[in-house]
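File shown: work17.pdb (PDB, C-alpha atoms, pLDDT in the B column).
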```
MODEL        1
ATOM      1  CA  MET E   1      -2.328  16.884   0.872  1.00 44.00           C
ATOM      2  CA  SER E   2      -3.657  14.130  -1.381  1.00 50.00           C
ATOM      3  CA  GLU E   3      -5.681  11.195  -0.117  1.00 62.00           C
ATOM      4  CA  LEU E   4      -2.685   8.894  -0.509  1.00 60.00           C
ATOM      5  CA  ALA E   5       0.705  10.188   0.514  1.00 59.00           C
ATOM      6  CA  THR E   6       4.070   8.739   1.401  1.00 57.00           C
ATOM      7  CA  VAL E   7       6.877  10.360   3.239  1.00 55.00           C
ATOM      8  CA  PRO E   8      10.165   8.511   2.788  1.00 52.00           C
ATOM      9  CA  ASP E   9      12.325   8.189   5.872  1.00 48.00           C
ATOM     10  CA  VAL E  10      15.597   9.638   4.594  1.00 46.00           C
ATOM     11  CA  GLN E  11      17.610   7.918   7.330  1.00 44.00           C
ATOM     12  CA  ARG E  12      16.530   4.375   6.486  1.00 52.00           C
ATOM     13  CA  PRO E  13      16.047   3.623   2.780  1.00 56.00           C
ATOM     14  CA  GLY E  14      13.509   0.791   3.179  1.00 84.00           C
ATOM     15  CA  VAL E  15      11.156   2.606   5.571  1.00 90.00           C
ATOM     16  CA  PHE E  16       8.074   4.495   4.375  1.00 93.00           C
ATOM     17  CA  THR E  17       5.197   6.314   6.008  1.00 94.00           C
ATOM     18  CA  LEU E  18       1.932   5.821   4.113  1.00 95.00           C
ATOM     19  CA  VAL E  19      -1.182   7.843   4.885  1.00 95.00           C
ATOM     20  CA  ILE E  20      -4.486   6.717   3.342  1.00 94.00           C
ATOM     21  CA  ARG E  21      -7.229   9.244   4.052  1.00 93.00           C
ATOM     22  CA  SER E  22     -10.271   7.863   2.218  1.00 92.00           C
ATOM     23  CA  LYS E  23     -11.953   4.616   1.211  1.00 90.00           C
ATOM     24  CA  SER E  24     -11.450   5.449  -2.468  1.00 89.00           C
ATOM     25  CA  ALA E  25      -7.696   5.890  -1.901  1.00 92.00           C
ATOM     26  CA  LEU E  26      -7.686   2.603   0.057  1.00 93.00           C
ATOM     27  CA  TYR E  27      -9.479   0.843  -2.811  1.00 89.00           C
ATOM     28  CA  ALA E  28      -6.906   2.170  -5.298  1.00 89.00           C
ATOM     29  CA  ALA E  29      -3.973   1.132  -3.082  1.00 93.00           C
ATOM     30  CA  TRP E  30      -5.120  -2.291  -1.838  1.00 92.00           C
ATOM     31  CA  ILE E  31      -3.885  -5.323  -3.829  1.00 91.00           C
ATOM     32  CA  PRO E  32      -6.123  -8.283  -2.867  1.00 87.00           C
ATOM     33  CA  VAL E  33      -4.628 -10.629  -5.502  1.00 88.00           C
ATOM     34  CA  LEU E  34      -1.340 -10.904  -3.605  1.00 90.00           C
ATOM     35  CA  LYS E  35      -1.244 -13.767  -1.116  1.00 89.00           C
ATOM     36  CA  GLY E  36      -1.874 -12.249   2.310  1.00 87.00           C
ATOM     37  CA  GLY E  37      -2.744  -8.919   0.710  1.00 91.00           C
ATOM     38  CA  GLY E  38      -0.660  -6.100  -0.584  1.00 94.00           C
ATOM     39  CA  ILE E  39      -0.591  -2.349  -0.748  1.00 95.00           C
ATOM     40  CA  PHE E  40       0.574   0.179  -3.315  1.00 94.00           C
ATOM     41  CA  LEU E  41       3.198   2.624  -2.152  1.00 94.00           C
ATOM     42  CA  PRO E  42       3.864   5.759  -4.227  1.00 92.00           C
ATOM     43  CA  SER E  43       7.621   6.070  -4.639  1.00 91.00           C
ATOM     44  CA  SER E  44      10.005   7.746  -7.042  1.00 90.00           C
ATOM     45  CA  ARG E  45      12.958   5.731  -5.726  1.00 89.00           C
ATOM     46  CA  SER E  46      14.557   2.898  -7.623  1.00 89.00           C
ATOM     47  CA  HIS E  47      13.316  -0.472  -6.337  1.00 91.00           C
ATOM     48  CA  SER E  48      13.961  -4.132  -7.074  1.00 92.00           C
ATOM     49  CA  LEU E  49      11.514  -7.010  -6.995  1.00 94.00           C
ATOM     50  CA  GLY E  50      11.859  -8.857  -3.697  1.00 94.00           C
ATOM     51  CA  GLU E  51      13.285  -5.813  -1.883  1.00 94.00           C
ATOM     52  CA  GLU E  52      12.202  -5.731   1.756  1.00 94.00           C
ATOM     53  CA  VAL E  53      10.368  -2.622   2.991  1.00 95.00           C
ATOM     54  CA  LEU E  54       8.797  -1.442   6.222  1.00 95.00           C
ATOM     55  CA  ILE E  55       5.616   0.640   6.017  1.00 95.00           C
ATOM     56  CA  LEU E  56       4.158   2.720   8.820  1.00 95.00           C
ATOM     57  CA  LEU E  57       0.516   2.930   7.707  1.00 95.00           C
ATOM     58  CA  THR E  58      -2.022   5.478   8.903  1.00 94.00           C
ATOM     59  CA  LEU E  59      -5.474   4.371   7.794  1.00 93.00           C
ATOM     60  CA  LEU E  60      -8.425   6.757   7.496  1.00 91.00           C
ATOM     61  CA  ASP E  61      -9.129   8.475  10.843  1.00 88.00           C
ATOM     62  CA  ASP E  62      -7.193   6.038  13.037  1.00 89.00           C
ATOM     63  CA  PRO E  63      -4.378   7.973  14.762  1.00 89.00           C
ATOM     64  CA  ASN E  64      -2.323   4.788  15.294  1.00 91.00           C
ATOM     65  CA  LYS E  65       0.376   3.828  12.825  1.00 93.00           C
ATOM     66  CA  ILE E  66       0.287   0.200  11.728  1.00 93.00           C
ATOM     67  CA  PRO E  67       3.800  -1.231  11.176  1.00 94.00           C
ATOM     68  CA  LEU E  68       3.849  -3.591   8.198  1.00 95.00           C
ATOM     69  CA  GLN E  69       6.677  -5.526   6.606  1.00 94.00           C
ATOM     70  CA  GLY E  70       6.665  -6.802   3.077  1.00 95.00           C
ATOM     71  CA  SER E  71       8.537  -7.184  -0.150  1.00 95.00           C
ATOM     72  CA  VAL E  72       8.278  -5.463  -3.510  1.00 95.00           C
ATOM     73  CA  ALA E  73       6.072  -7.577  -5.790  1.00 95.00           C
ATOM     74  CA  TRP E  74       5.060  -4.945  -8.353  1.00 89.00           C
ATOM     75  CA  ILE E  75       6.761  -1.895  -9.857  1.00 92.00           C
ATOM     76  CA  ASN E  76       4.961   0.930 -11.658  1.00 89.00           C
ATOM     77  CA  PRO E  77       7.665   2.857 -13.488  1.00 88.00           C
ATOM     78  CA  ALA E  78       7.395   6.573 -14.174  1.00 85.00           C
ATOM     79  CA  HIS E  79       4.973   7.247 -17.038  1.00 80.00           C
ATOM     80  CA  SER E  80       3.344   3.814 -16.809  1.00 74.00           C
ATOM     81  CA  THR E  81       0.328   2.943 -18.915  1.00 71.00           C
ATOM     82  CA  GLY E  82      -3.144   3.852 -17.779  1.00 73.00           C
ATOM     83  CA  ASN E  83      -1.929   6.955 -15.932  1.00 76.00           C
ATOM     84  CA  ARG E  84      -0.991   4.789 -12.974  1.00 81.00           C
ATOM     85  CA  PRO E  85       1.235   6.571 -10.439  1.00 88.00           C
ATOM     86  CA  GLN E  86       4.895   5.678 -10.068  1.00 91.00           C
ATOM     87  CA  GLY E  87       5.512   3.359  -7.141  1.00 92.00           C
ATOM     88  CA  ILE E  88       5.615  -0.190  -5.861  1.00 94.00           C
ATOM     89  CA  GLY E  89       3.187  -2.910  -4.888  1.00 94.00           C
ATOM     90  CA  VAL E  90       4.247  -4.470  -1.608  1.00 96.00           C
ATOM     91  CA  GLN E  91       3.209  -8.008  -0.717  1.00 96.00           C
ATOM     92  CA  LEU E  92       2.659  -8.012   3.019  1.00 95.00           C
ATOM     93  CA  SER E  93       4.577 -10.515   5.141  1.00 94.00           C
ATOM     94  CA  ASP E  94       2.533 -13.061   7.048  1.00 92.00           C
ATOM     95  CA  SER E  95       2.105 -11.361  10.414  1.00 92.00           C
ATOM     96  CA  GLU E  96      -0.644 -10.638  12.903  1.00 93.00           C
ATOM     97  CA  ALA E  97      -0.655  -6.947  11.865  1.00 91.00           C
ATOM     98  CA  ALA E  98      -1.041  -7.881   8.182  1.00 93.00           C
ATOM     99  CA  ARG E  99      -3.854 -10.362   8.914  1.00 93.00           C
ATOM    100  CA  GLU E 100      -5.684  -7.762  11.004  1.00 93.00           C
ATOM    101  CA  LEU E 101      -5.196  -5.136   8.303  1.00 92.00           C
ATOM    102  CA  ARG E 102      -6.572  -7.464   5.636  1.00 91.00           C
ATOM    103  CA  LYS E 103      -9.721  -8.119   7.716  1.00 91.00           C
ATOM    104  CA  LYS E 104     -10.141  -4.399   8.346  1.00 91.00           C
ATOM    105  CA  VAL E 105      -9.653  -3.469   4.672  1.00 91.00           C
ATOM    106  CA  GLU E 106     -12.009  -6.187   3.445  1.00 87.00           C
ATOM    107  CA  GLY E 107     -14.628  -4.935   5.911  1.00 88.00           C
ATOM    108  CA  LEU E 108     -14.183  -1.301   4.872  1.00 86.00           C
ATOM    109  CA  LEU E 109     -14.278  -2.055   1.165  1.00 86.00           C
ATOM    110  CA  ALA E 110     -16.893  -4.847   1.355  1.00 78.00           C
ATOM    111  CA  GLY E 111     -18.420  -5.191  -2.146  1.00 65.00           C
ATOM    112  CA  ALA E 112     -16.034  -2.711  -3.772  1.00 59.00           C
ATOM    113  CA  LEU E 113     -13.284  -5.354  -4.048  1.00 54.00           C
ATOM    114  CA  GLN E 114     -15.262  -6.989  -6.881  1.00 54.00           C
ATOM    115  CA  SER E 115     -15.463  -3.660  -8.735  1.00 53.00           C
ATOM    116  CA  SER E 116     -13.974  -3.151 -12.180  1.00 54.00           C
ATOM    117  CA  ARG E 117     -12.787   0.367 -11.284  1.00 55.00           C
ATOM    118  CA  PRO E 118      -9.071   0.802 -11.985  1.00 51.00           C
ATOM    119  CA  THR E 119      -6.560   0.730  -9.153  1.00 50.00           C
ATOM    120  CA  HIS E 120      -2.968   1.904  -8.906  1.00 48.00           C
ATOM    121  CA  THR E 121      -1.706  -1.518 -10.020  1.00 55.00           C
ATOM    122  CA  ILE E 122      -4.165  -3.611 -12.031  1.00 54.00           C
TER     123      ILE E 122
ENDMDL
END
```

Since I need it in another form, could you write the structure as structure tokens?
Amino acid sequence: MSELATVPDVQRPGVFTLVIRSKSALYAAWIPVLKGGGIFLPSSRSHSLGEEVLILLTLLDDPNKIPLQGSVAWINPAHSTGNRPQGIGVQLSDSEAARELRKKVEGLLAGALQSSRPTHTI
């Protein structure tokens, strides 16, 4: 399995399971420019800007799933420029879980957030 994988919940269209297995996959998926933080979600479904989604995030070696709510703020279509994967950028809703995740991600990625390495979105 890749370092970044989603498993859509076929019963509920706006629910995704996202597994990020490495810091490099986290760097590629994290969107610090969105207010409150955001995360890239690989998806081949059709999405609309502003669409509400629920993400059950598994981060690195932590066995707990972090429930996050947010809305679609970015769409990478199939065959997008720069070989970016198809999917959506989700702006996280202002919640305790999102604030804790942002602190955790910023700690894990420390100086890498200023890097010029490409990500899945920008």

For this session: With a distance cut-off of 9 Å and only C-alpha atoms, select the neighbouring residues of region 93-108 of chain E, excluding the residue or stretch itself and same-chain residues fewer than 5 positions from it, and output the selection as a list in words.
Result: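 Result of the neighbour search: Lys23, Leu26, Tyr27, Trp30, Pro32, Gly36, Gly37, Gly38, Ile66, Pro67, Leu68, Gln69, Gly70, Ser71 and Leu113 of chain E.
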
Got time to write the residues from that selection, C-alpha atoms, as a tab-separated table (two decimals), in the frame of the given file?
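Final output, out.tsv:
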```
chain	number	residue	atom	x	y	z
E	23	LYS	CA	-11.95	4.62	1.21
E	26	LEU	CA	-7.69	2.60	0.06
E	27	TYR	CA	-9.48	0.84	-2.81
E	30	TRP	CA	-5.12	-2.29	-1.84
E	32	PRO	CA	-6.12	-8.28	-2.87
E	36	GLY	CA	-1.87	-12.25	2.31
E	37	GLY	CA	-2.74	-8.92	0.71
E	38	GLY	CA	-0.66	-6.10	-0.58
E	66	ILE	CA	0.29	0.20	11.73
E	67	PRO	CA	3.80	-1.23	11.18
E	68	LEU	CA	3.85	-3.59	8.20
E	69	GLN	CA	6.68	-5.53	6.61
E	70	GLY	CA	6.66	-6.80	3.08
E	71	SER	CA	8.54	-7.18	-0.15
E	113	LEU	CA	-13.28	-5.35	-4.05
```

For this session: Could you tell me how far CA of Ile88 (chain E) lies from CA of Phe40 (chain E), in Å and to one decimal?
Result: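 One can read the CA of Ile88 (chain E) to CA of Phe40 (chain E) distance as 5.7 Å.
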
Return as JSON the centre and edge lengths, in Å with one decimal, of the box along x, y and z that encloses every atom of region 53-59 of chain E in the file, padded by 8 Å per side.
```
{"center_x": 2.4, "center_y": 1.4, "center_z": 5.9, "size_x": 31.8, "size_y": 24.1, "size_z": 21.9}
```

Problem set entry | Selection dump of the PyMOL selection byres ((chain E and resi 48) around 9), as an NGL selection string | :E and (46-47 or 49-51 or 72-73 or 75)

Problem set entry | CA of Phe16 (chain E) to CA of Ile31 (chain E), distance in Å rounded to a single decimal |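 If I compute the distance from CA of Phe16 (chain E) to CA of Ile31 (chain E), I get 17.5 Å.
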
For this session: Give me the result of the PyMOL selection byres ((chain E and resi 41) around 7) on this file, residue by residue, as a ChimeraX atom specification.
Result: /E:39-40,42-43,87-89

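Restricting the calculation to only C-alpha atoms, the smallest distance between Thr17 (chain E) and any of E:Ser44, E:Pro63, E:Leu109, E:Leu57 is found for E:Leu57.
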
Kindly complete region 89-101 of chain E to N, CA and C atoms; the output should be written as a short mmCIF file (atom, residue, chain, number, x, y, z; two decimals), keeping the file's coordinate frame.
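result_31.cif, freshly written:
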```cif
data_model
loop_
_atom_site.label_atom_id
_atom_site.label_comp_id
_atom_site.auth_asym_id
_atom_site.auth_seq_id
_atom_site.Cartn_x
_atom_site.Cartn_y
_atom_site.Cartn_z
N GLY E 89 4.17 -2.08 -5.57
CA GLY E 89 3.19 -2.91 -4.89
C GLY E 89 3.95 -3.79 -3.91
N VAL E 90 3.55 -3.72 -2.66
CA VAL E 90 4.25 -4.47 -1.61
C VAL E 90 3.37 -5.62 -1.13
N GLN E 91 3.89 -6.85 -1.27
CA GLN E 91 3.21 -8.01 -0.72
C GLN E 91 3.52 -8.05 0.77
N LEU E 92 2.47 -8.05 1.57
CA LEU E 92 2.66 -8.01 3.02
C LEU E 92 3.15 -9.35 3.54
N SER E 93 4.08 -9.31 4.48
CA SER E 93 4.58 -10.52 5.14
C SER E 93 3.47 -11.10 5.99
N ASP E 94 3.53 -12.40 6.20
CA ASP E 94 2.53 -13.06 7.05
C ASP E 94 2.81 -12.68 8.50
N SER E 95 1.97 -11.80 9.03
CA SER E 95 2.10 -11.36 10.41
C SER E 95 0.72 -11.07 10.97
N GLU E 96 0.63 -10.96 12.27
CA GLU E 96 -0.64 -10.64 12.90
C GLU E 96 -1.15 -9.28 12.42
N ALA E 97 -0.26 -8.29 12.32
CA ALA E 97 -0.66 -6.95 11.86
C ALA E 97 -1.21 -7.00 10.44
N ALA E 98 -0.58 -7.77 9.56
CA ALA E 98 -1.04 -7.88 8.18
C ALA E 98 -2.39 -8.59 8.11
N ARG E 99 -2.56 -9.65 8.91
CA ARG E 99 -3.85 -10.36 8.91
C ARG E 99 -4.97 -9.46 9.43
N GLU E 100 -4.69 -8.69 10.48
CA GLU E 100 -5.68 -7.76 11.00
C GLU E 100 -6.00 -6.66 9.99
N LEU E 101 -4.97 -6.17 9.31
CA LEU E 101 -5.20 -5.14 8.30
C LEU E 101 -6.07 -5.68 7.18
#
```
